[in-house]
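One structure below.
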Amino acid sequence: MTGTIELLSLSALEARDRIRAGELTPLDLVEASIRRIEAVDIGVNAIPVRCFDRALAQARGLMERHAGAPRNYPLLAGLPLAVKDNSDVAGVPTSGGSPLTQVQKPERSDPVIARLEAHGAIPVGKSNLSELGGANTTNALFGPTRNPFDPKLTPAGSSGGSAVALATGEVLLAHGNDVGGSLRTPAGFCGVVGLRPTPGLVPRKPSADPQDTIFVEGPMARSVADTALMLDGMAGPCASDPLAYDGLADGGFLAAALRPRAPGRVAVSADLGVLPVSKEIRHHFERVETLLGREQVAYDRAEPDFVGVQRATNVIRGVGYASKWKERWPAEAERFTADVRGDIERGMAASPDEVAQAQRRRTKLTSDVETFFQRYDVVICPVAQTGPFPVELPWPTEIDGKPLATYIEWIAVTYFWSMAGVPALTVSIGRDERGFPIGVQLIGPPRSERRLLAAAAWLEAIARTS
């Protein structure tokens, strides 16, 4: 039998193709994933909720249905999957990382998880996350998840468990979701790929605000091609999500990732013109310009106008949290984390004029970004404003001496693009002096995922050869 490490070092695409060729089985991969989780997760705490018996049964059932015809396996053909623990997998407890959100055994999987399972992905466990929101993966139920490159540091959040499970070889695919960078920042800290899609491309779980465009679901994997493969298994219309559309009408996304292409008109920005960014991040981000220059790709240092967007972000986030939790506020206020209490209080205190100003600023941002992408195809910027910090620290309170007022300001470089409603993809462009990944974001206009995937695959490839 092929060894665990060898199996899980395959790309998801390679593993899928070997299953379809009859060289591997879904059971081989699921058993390897289980052995790997049991061997390494104690050191990182990425998969605290496990559904091994369910996964083994799914693998055997998939094999029985396709016995003698491996080429007929579905798109994802038994690939082991981690599901973020704020999304439901039928029959598996969902915690949300908080006693406020625990569900013992949901009857059905959330729409996108059900779709992934229908395409042959097999959940082996639920990945750890931030408690009710935040960008450090820790919570009262399961404690912190640790960075695989240094367990004393955070992997960021909130999809940190998914990123760490990928980086440590526990799974081949991982599900995440993203408000202000929850997919992208952990991917950057862990050296994997995370895609925040255009709102509506991937159906979302039921929410208190089905018209919201800030919360999205998305794929995470260890390469751009694997991420595109997973996106092909997630995208499509869904009756329960009013924003969902048929993003596969023009063909799949894997084809774009398998045709790497240098971006045409590129804008590069280390700080979006307004943000505090550490000297370390600025230094490492220079590698982007080095790579573009080496490949003779022209670029400008430019960004849309983000002045005043942080204030609007704080208000809109606060109002959203107040709306979501108003039934349990203030009676259960002490059960929320201090930072989420601050969000709710901020939303409750916001005046009609403050809300109107925030919405006007967001409307202007959307218009400015649309105009900006008439001049540029892709923007490249950092995926965080500072590097990994001690896991015990909830969030960095300053960046190079500049104090931060809230726990989301150190991820504004991701959050601002969420406010604009555009797709963004994190990819690693190498390692720093300590061996830590250098993650960057590629951002494009709405529904430009194919262009982003092709550009990211190109950047991923040239970074490997430098």
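Following the order of the structure tokens, chains are lettered A, B, ..., residues in each are numbered from 1, and ligands are numbered from 1.
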
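For Arg18 of chain A, the set of protein, DNA and RNA residues having any atom at most 12 Å away, when counting only C-alpha atoms and skipping those fewer than 5 positions along the same chain, is Leu7, Leu10, Ser11, Ala12, Leu13, Glu23, Leu24, Thr25, Pro26, Asp28, Leu29, Pro70, Arg71, Tyr73, Leu76, Ala77, Gly78 and Leu79 of chain A.
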
Closest contacts (segment 276-382 of chain A/segment 195-210 of chain A, max 12 Å, only C-alpha atoms) as CSV:
residue,atom,partner,partner_atom,distance
A:Val319,CA,A:Asp209,CA,11.5
A:Gly320,CA,A:Asp209,CA,8.4
A:Tyr321,CA,A:Ala208,CA,9.9
A:Ala322,CA,A:Ala208,CA,10.9
A:Ser323,CA,A:Ala208,CA,7.8
A:Lys324,CA,A:Ala208,CA,5.9
A:Trp325,CA,A:Ala208,CA,9.2
A:Lys326,CA,A:Ala208,CA,10.8
A:Glu327,CA,A:Ala208,CA,11.4

Worksheet, complete the sentence: In Å and to one decimal, atom CA of Leu365 of chain A is distant from atom CA of Pro237 of chain A by 27.3 Å

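Computed from the coordinates, the atom CA of Ile399 of chain A to atom CA of Trp417 of chain A distance equals 20.4 Å.
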
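The interatomic distance for the pair atom CA of Arg60 of chain A and atom CA of Ala228 of chain A works out to 26.2 Å.
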
Practice prompt. Name all residues at most 10 Å from segment 292-298 of chain A (count only C-alpha atoms; drop same-chain ones fewer than 2 positions away) and give them as a ChimeraX atom specification.
Written response: /A:262-267,287-290,300,459,462,466

Write a file of the just-selected residues containing all heavy atoms, as a compact mmCIF listing (two decimals), in the first residue's frame.
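Generated output (result_25.txt):
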# COMPACT_ATOMS: atom_id res chain seq x y z
N ALA A 262 0.33 35.44 -17.96
CA ALA A 262 0.73 36.69 -17.31
C ALA A 262 -0.40 37.69 -17.41
O ALA A 262 -1.02 37.83 -18.47
CB ALA A 262 2.00 37.23 -17.95
N PRO A 263 -0.69 38.41 -16.34
CA PRO A 263 -1.73 39.43 -16.42
C PRO A 263 -1.31 40.56 -17.35
O PRO A 263 -0.12 40.83 -17.53
CB PRO A 263 -1.87 39.90 -14.98
CG PRO A 263 -0.57 39.56 -14.33
CD PRO A 263 -0.08 38.33 -15.01
N GLY A 264 -2.30 41.20 -17.94
CA GLY A 264 -2.01 42.28 -18.88
C GLY A 264 -1.68 43.58 -18.18
O GLY A 264 -0.53 43.96 -18.02
N ARG A 265 -2.70 44.26 -17.70
CA ARG A 265 -2.53 45.56 -17.05
C ARG A 265 -2.54 45.35 -15.53
O ARG A 265 -3.57 44.98 -14.97
CB ARG A 265 -3.64 46.50 -17.48
CG ARG A 265 -3.71 46.70 -19.01
CD ARG A 265 -5.00 47.40 -19.41
NE ARG A 265 -6.16 46.61 -19.04
CZ ARG A 265 -7.43 47.07 -19.11
NH1 ARG A 265 -7.67 48.30 -19.52
NH2 ARG A 265 -8.44 46.29 -18.76
N VAL A 266 -1.41 45.58 -14.89
CA VAL A 266 -1.24 45.23 -13.47
C VAL A 266 -1.06 46.49 -12.64
O VAL A 266 -0.27 47.37 -12.99
CB VAL A 266 -0.03 44.30 -13.28
CG1 VAL A 266 0.15 43.95 -11.81
CG2 VAL A 266 -0.18 43.04 -14.13
N ALA A 267 -1.77 46.55 -11.52
CA ALA A 267 -1.53 47.56 -10.50
C ALA A 267 -0.97 46.87 -9.26
O ALA A 267 -1.41 45.78 -8.90
CB ALA A 267 -2.83 48.29 -10.15
N ARG A 287 9.13 41.58 -3.48
CA ARG A 287 9.37 40.42 -4.34
C ARG A 287 8.39 40.40 -5.52
O ARG A 287 8.73 39.91 -6.61
CB ARG A 287 9.25 39.15 -3.51
CG ARG A 287 9.48 37.86 -4.28
CD ARG A 287 9.58 36.68 -3.32
NE ARG A 287 9.52 35.40 -4.02
CZ ARG A 287 10.51 34.85 -4.69
NH1 ARG A 287 11.68 35.48 -4.77
NH2 ARG A 287 10.37 33.68 -5.29
N VAL A 288 7.19 40.94 -5.32
CA VAL A 288 6.22 40.99 -6.42
C VAL A 288 6.78 41.80 -7.57
O VAL A 288 6.77 41.36 -8.74
CB VAL A 288 4.89 41.59 -5.94
CG1 VAL A 288 3.97 41.88 -7.13
CG2 VAL A 288 4.20 40.66 -4.95
N GLU A 289 7.30 42.99 -7.27
CA GLU A 289 7.84 43.84 -8.32
C GLU A 289 9.07 43.19 -8.96
O GLU A 289 9.29 43.32 -10.17
CB GLU A 289 8.15 45.22 -7.76
CG GLU A 289 6.90 45.96 -7.28
CD GLU A 289 7.19 47.40 -6.92
OE1 GLU A 289 8.28 47.91 -7.25
OE2 GLU A 289 6.32 48.06 -6.31
N THR A 290 9.86 42.51 -8.14
CA THR A 290 11.03 41.81 -8.69
C THR A 290 10.60 40.75 -9.70
O THR A 290 11.18 40.64 -10.80
CB THR A 290 11.84 41.16 -7.56
OG1 THR A 290 12.30 42.18 -6.66
CG2 THR A 290 13.03 40.40 -8.10
N ASP A 300 1.94 49.39 -12.68
CA ASP A 300 1.91 50.70 -12.05
C ASP A 300 1.70 50.51 -10.56
O ASP A 300 1.05 49.55 -10.13
CB ASP A 300 0.74 51.55 -12.59
CG ASP A 300 0.88 51.88 -14.06
OD1 ASP A 300 2.03 52.02 -14.53
OD2 ASP A 300 -0.16 52.00 -14.74
N LEU A 459 1.78 33.32 -11.68
CA LEU A 459 2.62 33.85 -10.62
C LEU A 459 3.15 32.73 -9.74
O LEU A 459 4.34 32.74 -9.34
CB LEU A 459 1.81 34.85 -9.79
CG LEU A 459 2.56 35.66 -8.74
CD1 LEU A 459 3.69 36.47 -9.34
CD2 LEU A 459 1.60 36.58 -7.98
N ILE A 462 6.11 31.08 -11.72
CA ILE A 462 7.36 31.83 -11.83
C ILE A 462 8.00 32.00 -10.47
O ILE A 462 9.24 32.09 -10.37
CB ILE A 462 7.17 33.19 -12.53
CG1 ILE A 462 6.32 34.14 -11.71
CG2 ILE A 462 6.59 33.00 -13.93
CD1 ILE A 462 6.39 35.58 -12.19
N SER A 466 12.19 31.01 -9.14
CA SER A 466 13.07 32.15 -8.83
C SER A 466 13.97 31.85 -7.64
O SER A 466 13.72 30.92 -6.88
CB SER A 466 12.24 33.40 -8.55
OG SER A 466 11.46 33.19 -7.39
